[in-house]
Amino acid sequence: MGLRSRWVGPALVALVCFLGDVSARADEPLQISPKEDADLKAQYSQLFAEMLKRPADLDLMFKFASVAARLGNNEAAISTLERMLLFNRNLPRVKLELGVLYFKLGSYGVARSYFEDAISGKDIPDTVKQRAQTYIAEIDKRTSRNHFAGSLTFGLRYQTNANAGPSSSNVLVQGNNAVLNDTFLNQPDWNAFVSGYLTHSYDLQWGDGETWDTTVQGYYARQFSLDELNLGFFETTTGPRFFLSQRQGAEFSLRTFALGNVVTLGDLSDFGTLGAGLELDKTLASGRLMLNGGYTYRHKFFQDTGERPTNDQFTSNQHTFALGGTYFLTSTIQLGLNGYVNDETANADFQSNHEYSVAADIGKQYPAPFGLTRFPWAVDLSARGTWTDYQAPDPSVDPNTARSDDELRLTLSNTAGITQDLSLLLQVQYADHQSNLPNFVFTNTSVLFGGTWSF
């Protein structure tokens with residue numbers, strides 16, 4: 001009953017979204033809100049006036065530098081902290097903060113000297129030592145030509161309709177009413193999964209920050225009962241990134257890439273993909289708004305096998321245009337909106353389709369309840385609508401009606417920061433898939449829980 005078209009496609013879309021979500025670091029800094037900005041500017045003016053009256057007050061100077069840094073006025077913060085050292089050279093916390101500010105400016109040599117100076121004396125607080133050593137390690141990474149980052153996620157997932165079986169046993173076969181065997185209706189199941197994401201960036205040292213970026217991602221889910229739905233996925237992309245602007249808060253980059261992937265279904269090879277594309281990333285509004293978009297071409301090739309004698313009908317050329325954005329509403333709240341248009345031409349006309357999708361999400365970062373951990377937690381709510389129109393009728397279903405689907409997918413996730421690199425994930429998702437053909441009408445509710453290690 002078209003198992004692949006009803007299940008594998010949505011599963012891979014959900015997988016890409018899932019990998020994208022869990023790869024985000026929960027401790028990434030967020031932007032300040034307009035109200036916070038106004039309050040900080042008022043404090044800045046007040047503290048500056050007080051410093052004119054008490055120019056040797058070190059506590060006052062430190063407060064002023066802290067506010068200036070929050071506002072992004074790193075130069076004012078640096079000059080104030082360096083003036084403090086003229087009064088007293090034995091201030092490891094001041095040296096630490098100077099190192100942080102120079103680090104933000106990209107002056108890694110100066111930043112390292114301040115960090116090393118901050119921990120070179122006696123009786124240095126442990127918090128100062130730990131922060132300085134963390135930054136020194138990060139400087140070593142950033143000044144290297146090779147930069148690696150990634151994440152590993154693992155866990156369990158329960159689905160009420162793991163096989164995307166139709167909601168009703170009343171279906172169509174060659175345009176005639178038929179009753180489907182219960183075996184092919186919705187089947188609940190658990191799976192255990194593991195996914196990984198790795199990025200490598202190589203500094204080309206061409207003078208304008210150009211890099212050669214490579215990504216590798218993989219996923220494998222093993223069902224507890226429905227072994228024929230075991231899903232494996234491996235994809236890599238590689239290509240150069242060019243920076244059209246590196247101005248802080250207004251960065252603009254272009255990346256071109258080649259890609260390849262393989263997919264297994266039921267632990268057997270299902271299809272492979274070769275392709276290429278380009279992506280644009282633009283930062284606006286002093287870092288509060290981040291836009292991204294691009295185009296990807298994929299050639300998906302299937303081969304007939306004894307287990308899947310009609311596999312070749314799914315071989316296709318796929319063109320995808322995507323656009324999205326993230327807006328930091330406050331220091332703890334972010335909004336997202338993204339969408340894509342996809343055109344797929346397959347060997348079988350009834351597998352060719354046009355697809356459109358729009359998704360919106362809102363995320364909120366908050367302190368761990370009851371002080372359970374020192375690291376922030378985050379909750380995210382998203383909704384995605386997808387509309388798919390097939391270009392010709394499938395004779396095996398209804399020779400007179402071309403298939404048309406729409407799906408609403410709601411996802412609620414909560415990430416709990418356990419350490420700087422380890423977090424726990426709980427996710428609940430509901431999908432309502434409608435169609436003009438009863439064979440493809442179904443719903444599915446899933447619950448996922450697991451852990452993510454980022455490095």
# chains A, B, ... in the order shown; residues from 1 in each chain; ligands from 1
$ residues_around --residues "stretch 187-196 of chain A" --least-positions-apart "5" --cutoff "10 Å" --atoms "only C-alpha atoms" --output "MDAnalysis selection string"
chainID A and resid 15 18:19 22:23 150:166 182 216:227 229:234 444:448 450:454
$ residues_around --residues "stretch 351-353 of chain A" --least-positions-apart "3" --cutoff "7 Å" --atoms "only C-alpha atoms" --output "PyMOL selection string"
chain A and resi 314+343-346+348+388-391
$ write_last_selection --atoms "all heavy atoms" --output "mmCIF file, in the first residue's frame"
data_model
loop_
_atom_site.group_PDB
_atom_site.id
_atom_site.type_symbol
_atom_site.label_atom_id
_atom_site.label_comp_id
_atom_site.auth_asym_id
_atom_site.auth_seq_id
_atom_site.Cartn_x
_atom_site.Cartn_y
_atom_site.Cartn_z
ATOM 1 N N PHE A 314 10.782 4.815 -7.842
ATOM 2 C CA PHE A 314 10.993 5.951 -6.940
ATOM 3 C C PHE A 314 12.209 6.793 -7.335
ATOM 4 O O PHE A 314 12.423 7.867 -6.770
ATOM 5 C CB PHE A 314 11.171 5.465 -5.503
ATOM 6 C CG PHE A 314 9.952 4.805 -4.924
ATOM 7 C CD1 PHE A 314 9.840 3.421 -4.917
ATOM 8 C CD2 PHE A 314 8.919 5.551 -4.405
ATOM 9 C CE1 PHE A 314 8.725 2.798 -4.392
ATOM 10 C CE2 PHE A 314 7.790 4.945 -3.876
ATOM 11 C CZ PHE A 314 7.688 3.556 -3.872
ATOM 12 N N ASP A 343 10.296 20.290 -5.558
ATOM 13 C CA ASP A 343 9.763 19.717 -6.795
ATOM 14 C C ASP A 343 10.513 18.417 -7.079
ATOM 15 O O ASP A 343 11.746 18.409 -7.163
ATOM 16 C CB ASP A 343 9.945 20.689 -7.965
ATOM 17 C CG ASP A 343 9.431 20.103 -9.271
ATOM 18 O OD1 ASP A 343 8.209 20.139 -9.477
ATOM 19 O OD2 ASP A 343 10.256 19.597 -10.062
ATOM 20 N N GLU A 344 9.772 17.321 -7.207
ATOM 21 C CA GLU A 344 10.385 16.009 -7.407
ATOM 22 C C GLU A 344 9.796 15.335 -8.644
ATOM 23 O O GLU A 344 8.573 15.207 -8.769
ATOM 24 C CB GLU A 344 10.170 15.126 -6.178
ATOM 25 C CG GLU A 344 10.871 13.789 -6.251
ATOM 26 C CD GLU A 344 10.866 13.046 -4.912
ATOM 27 O OE1 GLU A 344 10.185 13.509 -3.979
ATOM 28 O OE2 GLU A 344 11.551 12.002 -4.810
ATOM 29 N N THR A 345 10.672 14.943 -9.568
ATOM 30 C CA THR A 345 10.264 14.241 -10.778
ATOM 31 C C THR A 345 10.798 12.817 -10.716
ATOM 32 O O THR A 345 12.013 12.596 -10.742
ATOM 33 C CB THR A 345 10.790 14.948 -12.034
ATOM 34 O OG1 THR A 345 10.336 16.299 -12.042
ATOM 35 C CG2 THR A 345 10.298 14.243 -13.286
ATOM 36 N N ALA A 346 9.897 11.850 -10.639
ATOM 37 C CA ALA A 346 10.279 10.451 -10.458
ATOM 38 C C ALA A 346 10.057 9.661 -11.743
ATOM 39 O O ALA A 346 9.366 10.099 -12.667
ATOM 40 C CB ALA A 346 9.480 9.830 -9.319
ATOM 41 N N ALA A 348 8.264 7.044 -12.062
ATOM 42 C CA ALA A 348 6.822 6.808 -12.140
ATOM 43 C C ALA A 348 6.110 8.147 -11.950
ATOM 44 O O ALA A 348 6.330 8.828 -10.936
ATOM 45 C CB ALA A 348 6.382 5.812 -11.076
ATOM 46 N N THR A 388 1.374 18.293 -0.154
ATOM 47 C CA THR A 388 2.009 17.542 -1.228
ATOM 48 C C THR A 388 0.976 17.194 -2.291
ATOM 49 O O THR A 388 -0.047 16.561 -1.986
ATOM 50 C CB THR A 388 2.652 16.248 -0.691
ATOM 51 O OG1 THR A 388 3.495 16.556 0.430
ATOM 52 C CG2 THR A 388 3.494 15.585 -1.769
ATOM 53 N N ASP A 389 1.254 17.611 -3.528
ATOM 54 C CA ASP A 389 0.366 17.306 -4.655
ATOM 55 C C ASP A 389 1.115 16.418 -5.645
ATOM 56 O O ASP A 389 2.163 16.824 -6.188
ATOM 57 C CB ASP A 389 -0.072 18.593 -5.358
ATOM 58 C CG ASP A 389 -0.940 19.469 -4.468
ATOM 59 O OD1 ASP A 389 -1.793 18.911 -3.754
ATOM 60 O OD2 ASP A 389 -0.758 20.708 -4.480
ATOM 61 N N TYR A 390 0.577 15.213 -5.885
ATOM 62 C CA TYR A 390 1.184 14.283 -6.832
ATOM 63 C C TYR A 390 0.683 14.582 -8.251
ATOM 64 O O TYR A 390 -0.434 15.075 -8.434
ATOM 65 C CB TYR A 390 0.888 12.856 -6.411
ATOM 66 C CG TYR A 390 1.639 12.456 -5.154
ATOM 67 C CD1 TYR A 390 1.156 12.818 -3.900
ATOM 68 C CD2 TYR A 390 2.843 11.769 -5.223
ATOM 69 C CE1 TYR A 390 1.849 12.493 -2.739
ATOM 70 C CE2 TYR A 390 3.537 11.425 -4.070
ATOM 71 C CZ TYR A 390 3.048 11.803 -2.839
ATOM 72 O OH TYR A 390 3.739 11.483 -1.690
ATOM 73 N N GLN A 391 1.542 14.297 -9.226
ATOM 74 C CA GLN A 391 1.284 14.759 -10.578
ATOM 75 C C GLN A 391 0.437 13.826 -11.428
ATOM 76 O O GLN A 391 -0.004 14.213 -12.515
ATOM 77 C CB GLN A 391 2.626 15.024 -11.271
ATOM 78 C CG GLN A 391 3.479 16.056 -10.550
ATOM 79 C CD GLN A 391 2.707 17.342 -10.297
ATOM 80 O OE1 GLN A 391 2.333 18.028 -11.240
ATOM 81 N NE2 GLN A 391 2.446 17.668 -9.039
#
$ residues_around --residues "A:Leu60" --least-positions-apart "5" --cutoff "10 Å" --atoms "only C-alpha atoms" --output "PyMOL selection string"
chain A and resi 47-48+50-51+54-55+65-66
$ write_last_selection --atoms "N, CA, C and O atoms" --output "short mmCIF file (atom, residue, chain, number, x, y, z; two decimals), in the first residue's frame"
data_model
loop_
_atom_site.label_atom_id
_atom_site.label_comp_id
_atom_site.auth_asym_id
_atom_site.auth_seq_id
_atom_site.Cartn_x
_atom_site.Cartn_y
_atom_site.Cartn_z
N LEU A 47 26.31 55.41 35.92
CA LEU A 47 27.62 54.98 36.41
C LEU A 47 28.74 55.85 35.84
O LEU A 47 29.73 56.14 36.54
N PHE A 48 28.61 56.28 34.60
CA PHE A 48 29.63 57.13 34.00
C PHE A 48 29.71 58.46 34.74
O PHE A 48 30.82 58.98 35.02
N GLU A 50 28.89 58.98 37.87
CA GLU A 50 29.46 58.74 39.19
C GLU A 50 30.97 58.55 39.12
O GLU A 50 31.70 58.96 40.03
N MET A 51 31.45 57.93 38.02
CA MET A 51 32.90 57.74 37.89
C MET A 51 33.64 59.06 37.75
O MET A 51 34.79 59.19 38.18
N ARG A 54 34.08 60.04 41.25
CA ARG A 54 34.97 59.16 42.04
C ARG A 54 35.84 58.35 41.09
O ARG A 54 35.64 57.16 40.90
N PRO A 55 36.81 58.97 40.45
CA PRO A 55 37.61 58.30 39.40
C PRO A 55 38.49 57.17 39.90
O PRO A 55 38.99 56.38 39.10
N ALA A 65 32.20 48.82 33.74
CA ALA A 65 32.74 47.96 32.69
C ALA A 65 31.79 46.81 32.40
O ALA A 65 31.62 46.41 31.22
N SER A 66 31.16 46.27 33.44
CA SER A 66 30.23 45.16 33.24
C SER A 66 29.03 45.58 32.42
O SER A 66 28.59 44.87 31.49
#
$ select_by_dssp --residues "stretch 209-314 of chain A" --states "strand (DSSP E)" --output "mmCIF file with N, CA and C atoms, in the first residue's frame"
data_model
loop_
_atom_site.group_PDB
_atom_site.id
_atom_site.type_symbol
_atom_site.label_atom_id
_atom_site.label_comp_id
_atom_site.auth_asym_id
_atom_site.auth_seq_id
_atom_site.Cartn_x
_atom_site.Cartn_y
_atom_site.Cartn_z
ATOM 1 N N THR A 211 36.579 29.348 4.513
ATOM 2 C CA THR A 211 36.806 28.023 5.101
ATOM 3 C C THR A 211 36.269 26.949 4.160
ATOM 4 N N TRP A 212 36.721 25.728 4.380
ATOM 5 C CA TRP A 212 36.155 24.568 3.693
ATOM 6 C C TRP A 212 35.407 23.765 4.749
ATOM 7 N N ASP A 213 34.090 23.715 4.625
ATOM 8 C CA ASP A 213 33.244 23.108 5.655
ATOM 9 C C ASP A 213 32.729 21.744 5.208
ATOM 10 N N THR A 214 32.811 20.780 6.122
ATOM 11 C CA THR A 214 32.317 19.432 5.871
ATOM 12 C C THR A 214 31.405 19.018 7.011
ATOM 13 N N THR A 215 30.266 18.440 6.681
ATOM 14 C CA THR A 215 29.354 17.918 7.702
ATOM 15 C C THR A 215 29.123 16.437 7.469
ATOM 16 N N VAL A 216 28.969 15.713 8.561
ATOM 17 C CA VAL A 216 28.644 14.290 8.512
ATOM 18 C C VAL A 216 27.539 14.043 9.524
ATOM 19 N N GLN A 217 26.453 13.407 9.099
ATOM 20 C CA GLN A 217 25.402 13.059 10.041
ATOM 21 C C GLN A 217 24.920 11.643 9.776
ATOM 22 N N GLY A 218 24.560 10.974 10.843
ATOM 23 C CA GLY A 218 24.092 9.604 10.726
ATOM 24 C C GLY A 218 22.993 9.317 11.728
ATOM 25 N N TYR A 219 22.167 8.336 11.421
ATOM 26 C CA TYR A 219 21.036 7.993 12.279
ATOM 27 C C TYR A 219 20.714 6.514 12.081
ATOM 28 N N TYR A 220 20.400 5.840 13.179
ATOM 29 C CA TYR A 220 19.924 4.467 13.074
ATOM 30 C C TYR A 220 18.882 4.225 14.164
ATOM 31 N N ALA A 221 17.724 3.695 13.741
ATOM 32 C CA ALA A 221 16.656 3.355 14.684
ATOM 33 C C ALA A 221 16.286 1.894 14.496
ATOM 34 N N ARG A 222 16.293 1.161 15.588
ATOM 35 C CA ARG A 222 15.932 -0.270 15.539
ATOM 36 C C ARG A 222 14.624 -0.476 16.283
ATOM 37 N N GLN A 223 13.633 -0.983 15.536
ATOM 38 C CA GLN A 223 12.314 -1.213 16.110
ATOM 39 C C GLN A 223 12.316 -2.433 17.031
ATOM 40 N N LEU A 231 15.443 1.806 10.393
ATOM 41 C CA LEU A 231 15.840 2.871 9.464
ATOM 42 C C LEU A 231 17.272 3.311 9.737
ATOM 43 N N GLY A 232 18.070 3.381 8.682
ATOM 44 C CA GLY A 232 19.434 3.888 8.767
ATOM 45 C C GLY A 232 19.649 5.016 7.774
ATOM 46 N N PHE A 233 20.464 5.978 8.131
ATOM 47 C CA PHE A 233 20.666 7.155 7.284
ATOM 48 C C PHE A 233 22.069 7.685 7.528
ATOM 49 N N PHE A 234 22.782 7.974 6.441
ATOM 50 C CA PHE A 234 24.118 8.558 6.543
ATOM 51 C C PHE A 234 24.277 9.577 5.411
ATOM 52 N N GLU A 235 24.694 10.793 5.767
ATOM 53 C CA GLU A 235 24.852 11.830 4.747
ATOM 54 C C GLU A 235 26.067 12.697 5.057
ATOM 55 N N THR A 236 26.747 13.134 4.006
ATOM 56 C CA THR A 236 27.868 14.055 4.164
ATOM 57 C C THR A 236 27.748 15.164 3.131
ATOM 58 N N THR A 237 28.159 16.359 3.511
ATOM 59 C CA THR A 237 28.255 17.493 2.588
ATOM 60 C C THR A 237 29.644 18.091 2.738
ATOM 61 N N THR A 238 30.159 18.672 1.676
ATOM 62 C CA THR A 238 31.475 19.310 1.743
ATOM 63 C C THR A 238 31.562 20.406 0.694
ATOM 64 N N GLY A 239 32.207 21.526 1.071
ATOM 65 C CA GLY A 239 32.351 22.628 0.130
ATOM 66 C C GLY A 239 32.860 23.887 0.814
ATOM 67 N N PRO A 240 33.259 24.893 0.036
ATOM 68 C CA PRO A 240 33.840 26.114 0.593
ATOM 69 C C PRO A 240 32.773 27.095 1.080
ATOM 70 N N ARG A 241 33.147 27.891 2.089
ATOM 71 C CA ARG A 241 32.307 28.977 2.589
ATOM 72 C C ARG A 241 33.051 30.298 2.396
ATOM 73 N N PHE A 242 32.357 31.264 1.799
ATOM 74 C CA PHE A 242 32.932 32.578 1.550
ATOM 75 C C PHE A 242 32.196 33.611 2.396
ATOM 76 N N PHE A 243 32.946 34.516 3.024
ATOM 77 C CA PHE A 243 32.356 35.540 3.865
ATOM 78 C C PHE A 243 32.262 36.845 3.081
ATOM 79 N N LEU A 244 31.021 37.252 2.789
ATOM 80 C CA LEU A 244 30.787 38.499 2.077
ATOM 81 C C LEU A 244 30.846 39.682 3.019
ATOM 82 N N SER A 245 30.607 39.442 4.305
ATOM 83 C CA SER A 245 30.744 40.467 5.343
ATOM 84 C C SER A 245 31.063 39.773 6.653
ATOM 85 N N PHE A 252 27.652 37.866 6.880
ATOM 86 C CA PHE A 252 26.980 37.386 5.668
ATOM 87 C C PHE A 252 27.916 36.395 4.985
ATOM 88 N N SER A 253 27.462 35.138 4.812
ATOM 89 C CA SER A 253 28.319 34.117 4.208
ATOM 90 C C SER A 253 27.562 33.326 3.152
ATOM 91 N N LEU A 254 28.321 32.778 2.212
ATOM 92 C CA LEU A 254 27.806 31.936 1.140
ATOM 93 C C LEU A 254 28.595 30.639 1.134
ATOM 94 N N ARG A 255 27.885 29.515 1.101
ATOM 95 C CA ARG A 255 28.548 28.218 1.038
ATOM 96 C C ARG A 255 27.999 27.421 -0.136
ATOM 97 N N THR A 256 28.879 26.820 -0.925
ATOM 98 C CA THR A 256 28.492 25.863 -1.949
ATOM 99 C C THR A 256 28.980 24.483 -1.516
ATOM 100 N N PHE A 257 28.245 23.442 -1.892
ATOM 101 C CA PHE A 257 28.606 22.113 -1.394
ATOM 102 C C PHE A 257 28.137 21.014 -2.334
ATOM 103 N N ALA A 258 28.807 19.885 -2.229
ATOM 104 C CA ALA A 258 28.357 18.632 -2.837
ATOM 105 C C ALA A 258 27.868 17.730 -1.713
ATOM 106 N N LEU A 259 26.953 16.821 -2.012
ATOM 107 C CA LEU A 259 26.419 15.954 -0.959
ATOM 108 C C LEU A 259 26.217 14.543 -1.485
ATOM 109 N N GLY A 260 26.179 13.608 -0.550
ATOM 110 C CA GLY A 260 25.869 12.222 -0.853
ATOM 111 C C GLY A 260 25.272 11.558 0.364
ATOM 112 N N ASN A 261 24.349 10.630 0.174
ATOM 113 C CA ASN A 261 23.812 9.903 1.314
ATOM 114 C C ASN A 261 23.384 8.502 0.913
ATOM 115 N N VAL A 262 23.200 7.669 1.903
ATOM 116 C CA VAL A 262 22.647 6.323 1.719
ATOM 117 C C VAL A 262 21.584 6.110 2.786
ATOM 118 N N VAL A 263 20.543 5.371 2.429
ATOM 119 C CA VAL A 263 19.445 5.082 3.349
ATOM 120 C C VAL A 263 19.173 3.584 3.316
ATOM 121 N N THR A 264 19.016 3.011 4.494
ATOM 122 C CA THR A 264 18.642 1.600 4.595
ATOM 123 C C THR A 264 17.269 1.485 5.238
ATOM 124 N N LEU A 265 16.498 0.511 4.811
ATOM 125 C CA LEU A 265 15.178 0.244 5.369
ATOM 126 C C LEU A 265 15.072 -1.250 5.624
ATOM 127 N N LEU A 268 18.247 -3.293 4.950
ATOM 128 C CA LEU A 268 18.636 -3.541 3.570
ATOM 129 C C LEU A 268 18.786 -2.205 2.855
ATOM 130 N N SER A 269 19.716 -2.133 1.906
ATOM 131 C CA SER A 269 19.914 -0.903 1.156
ATOM 132 C C SER A 269 18.622 -0.493 0.459
ATOM 133 N N ASP A 270 18.228 0.765 0.630
ATOM 134 C CA ASP A 270 16.991 1.259 0.039
ATOM 135 C C ASP A 270 17.268 2.215 -1.117
ATOM 136 N N PHE A 271 18.025 3.295 -0.867
ATOM 137 C CA PHE A 271 18.381 4.201 -1.947
ATOM 138 C C PHE A 271 19.599 5.037 -1.565
ATOM 139 N N GLY A 272 20.173 5.678 -2.561
ATOM 140 C CA GLY A 272 21.290 6.588 -2.362
ATOM 141 C C GLY A 272 21.002 7.911 -3.042
ATOM 142 N N THR A 273 21.764 8.924 -2.675
ATOM 143 C CA THR A 273 21.551 10.270 -3.217
ATOM 144 C C THR A 273 22.882 10.922 -3.528
ATOM 145 N N LEU A 274 22.951 11.612 -4.674
ATOM 146 C CA LEU A 274 24.052 12.502 -4.996
ATOM 147 C C LEU A 274 23.456 13.855 -5.330
ATOM 148 N N GLY A 275 24.159 14.918 -4.967
ATOM 149 C CA GLY A 275 23.599 16.229 -5.231
ATOM 150 C C GLY A 275 24.567 17.344 -4.930
ATOM 151 N N ALA A 276 24.053 18.565 -4.992
ATOM 152 C CA ALA A 276 24.857 19.757 -4.735
ATOM 153 C C ALA A 276 23.909 20.888 -4.370
ATOM 154 N N GLY A 277 24.478 21.965 -3.837
ATOM 155 C CA GLY A 277 23.626 23.084 -3.464
ATOM 156 C C GLY A 277 24.424 24.269 -2.989
ATOM 157 N N LEU A 278 23.694 25.276 -2.550
ATOM 158 C CA LEU A 278 24.311 26.466 -1.960
ATOM 159 C C LEU A 278 23.422 26.957 -0.837
ATOM 160 N N GLU A 279 24.045 27.622 0.139
ATOM 161 C CA GLU A 279 23.304 28.180 1.258
ATOM 162 C C GLU A 279 23.850 29.550 1.615
ATOM 163 N N LEU A 280 22.955 30.436 2.047
ATOM 164 C CA LEU A 280 23.292 31.791 2.458
ATOM 165 C C LEU A 280 22.907 31.965 3.911
ATOM 166 N N ASP A 281 23.776 32.616 4.697
ATOM 167 C CA ASP A 281 23.499 32.933 6.091
ATOM 168 C C ASP A 281 23.759 34.416 6.303
ATOM 169 N N LYS A 282 22.765 35.120 6.831
ATOM 170 C CA LYS A 282 22.868 36.560 7.025
ATOM 171 C C LYS A 282 22.392 36.930 8.419
ATOM 172 N N THR A 283 23.186 37.746 9.130
ATOM 173 C CA THR A 283 22.821 38.244 10.456
ATOM 174 C C THR A 283 22.441 39.712 10.337
ATOM 175 N N LEU A 284 21.327 40.089 10.990
ATOM 176 C CA LEU A 284 20.834 41.467 10.944
ATOM 177 C C LEU A 284 20.495 41.946 12.347
ATOM 178 N N LEU A 289 18.590 39.034 14.606
ATOM 179 C CA LEU A 289 17.882 38.315 13.558
ATOM 180 C C LEU A 289 18.883 37.569 12.684
ATOM 181 N N MET A 290 18.652 36.270 12.502
ATOM 182 C CA MET A 290 19.516 35.452 11.652
ATOM 183 C C MET A 290 18.671 34.811 10.565
ATOM 184 N N LEU A 291 19.035 35.076 9.306
ATOM 185 C CA LEU A 291 18.323 34.540 8.156
ATOM 186 C C LEU A 291 19.186 33.495 7.459
ATOM 187 N N ASN A 292 18.540 32.494 6.882
ATOM 188 C CA ASN A 292 19.270 31.488 6.112
ATOM 189 C C ASN A 292 18.376 30.984 4.996
ATOM 190 N N GLY A 293 18.991 30.599 3.914
ATOM 191 C CA GLY A 293 18.237 30.086 2.775
ATOM 192 C C GLY A 293 19.169 29.374 1.826
ATOM 193 N N GLY A 294 18.588 28.759 0.808
ATOM 194 C CA GLY A 294 19.442 28.065 -0.141
ATOM 195 C C GLY A 294 18.676 27.199 -1.106
ATOM 196 N N TYR A 295 19.437 26.535 -1.954
ATOM 197 C CA TYR A 295 18.895 25.641 -2.971
ATOM 198 C C TYR A 295 19.696 24.342 -2.938
ATOM 199 N N THR A 296 19.011 23.206 -3.078
ATOM 200 C CA THR A 296 19.669 21.902 -3.101
ATOM 201 C C THR A 296 19.086 21.058 -4.235
ATOM 202 N N TYR A 297 19.974 20.444 -4.999
ATOM 203 C CA TYR A 297 19.567 19.472 -6.012
ATOM 204 C C TYR A 297 19.983 18.083 -5.538
ATOM 205 N N ARG A 298 19.064 17.139 -5.638
ATOM 206 C CA ARG A 298 19.348 15.752 -5.257
ATOM 207 C C ARG A 298 18.873 14.803 -6.357
ATOM 208 N N HIS A 299 19.738 13.859 -6.692
ATOM 209 C CA HIS A 299 19.323 12.740 -7.542
ATOM 210 C C HIS A 299 19.260 11.506 -6.655
ATOM 211 N N LYS A 300 18.042 11.007 -6.442
ATOM 212 C CA LYS A 300 17.837 9.819 -5.609
ATOM 213 C C LYS A 300 17.694 8.610 -6.525
ATOM 214 N N PHE A 301 18.530 7.614 -6.299
ATOM 215 C CA PHE A 301 18.504 6.449 -7.178
ATOM 216 C C PHE A 301 18.182 5.182 -6.379
ATOM 217 N N PHE A 302 17.169 4.479 -6.864
ATOM 218 C CA PHE A 302 16.698 3.230 -6.282
ATOM 219 C C PHE A 302 16.980 2.095 -7.269
#
$ decode --residues "stretch 80-85 of chain A" --atoms "all heavy atoms" --output "short mmCIF file (atom, residue, chain, number, x, y, z; two decimals), in the first residue's frame"
data_model
loop_
_atom_site.label_atom_id
_atom_site.label_comp_id
_atom_site.auth_asym_id
_atom_site.auth_seq_id
_atom_site.Cartn_x
_atom_site.Cartn_y
_atom_site.Cartn_z
N THR A 80 38.23 50.86 30.66
CA THR A 80 37.95 51.02 32.11
C THR A 80 38.69 49.96 32.91
O THR A 80 39.31 50.26 33.95
CB THR A 80 36.44 50.92 32.37
OG1 THR A 80 35.76 51.93 31.61
CG2 THR A 80 36.13 51.13 33.84
N LEU A 81 38.65 48.70 32.46
CA LEU A 81 39.33 47.64 33.18
C LEU A 81 40.85 47.82 33.15
O LEU A 81 41.53 47.55 34.16
CB LEU A 81 38.95 46.27 32.58
CG LEU A 81 37.49 45.85 32.75
CD1 LEU A 81 37.21 44.55 32.00
CD2 LEU A 81 37.14 45.68 34.23
N GLU A 82 41.39 48.27 32.04
CA GLU A 82 42.84 48.50 31.97
C GLU A 82 43.25 49.65 32.87
O GLU A 82 44.35 49.64 33.44
CB GLU A 82 43.24 48.76 30.52
CG GLU A 82 43.19 47.50 29.65
CD GLU A 82 43.61 47.73 28.22
OE1 GLU A 82 43.50 48.89 27.75
OE2 GLU A 82 44.03 46.76 27.56
N ARG A 83 42.36 50.62 33.03
CA ARG A 83 42.64 51.72 33.97
C ARG A 83 42.64 51.20 35.41
O ARG A 83 43.43 51.68 36.24
CB ARG A 83 41.60 52.83 33.79
CG ARG A 83 41.93 54.11 34.56
CD ARG A 83 41.27 55.31 33.90
NE ARG A 83 39.84 55.15 33.76
CZ ARG A 83 38.95 55.49 34.69
NH1 ARG A 83 39.37 56.02 35.83
NH2 ARG A 83 37.67 55.32 34.49
N MET A 84 41.82 50.21 35.71
CA MET A 84 41.83 49.62 37.04
C MET A 84 43.17 48.99 37.35
O MET A 84 43.67 49.06 38.50
CB MET A 84 40.72 48.57 37.16
CG MET A 84 39.31 49.13 37.15
SD MET A 84 38.05 47.83 37.25
CE MET A 84 38.34 47.22 38.91
N LEU A 85 43.79 48.37 36.34
CA LEU A 85 45.08 47.72 36.56
C LEU A 85 46.20 48.73 36.82
O LEU A 85 47.23 48.38 37.39
CB LEU A 85 45.44 46.84 35.36
CG LEU A 85 44.53 45.62 35.14
CD1 LEU A 85 44.99 44.83 33.92
CD2 LEU A 85 44.53 44.72 36.38
#
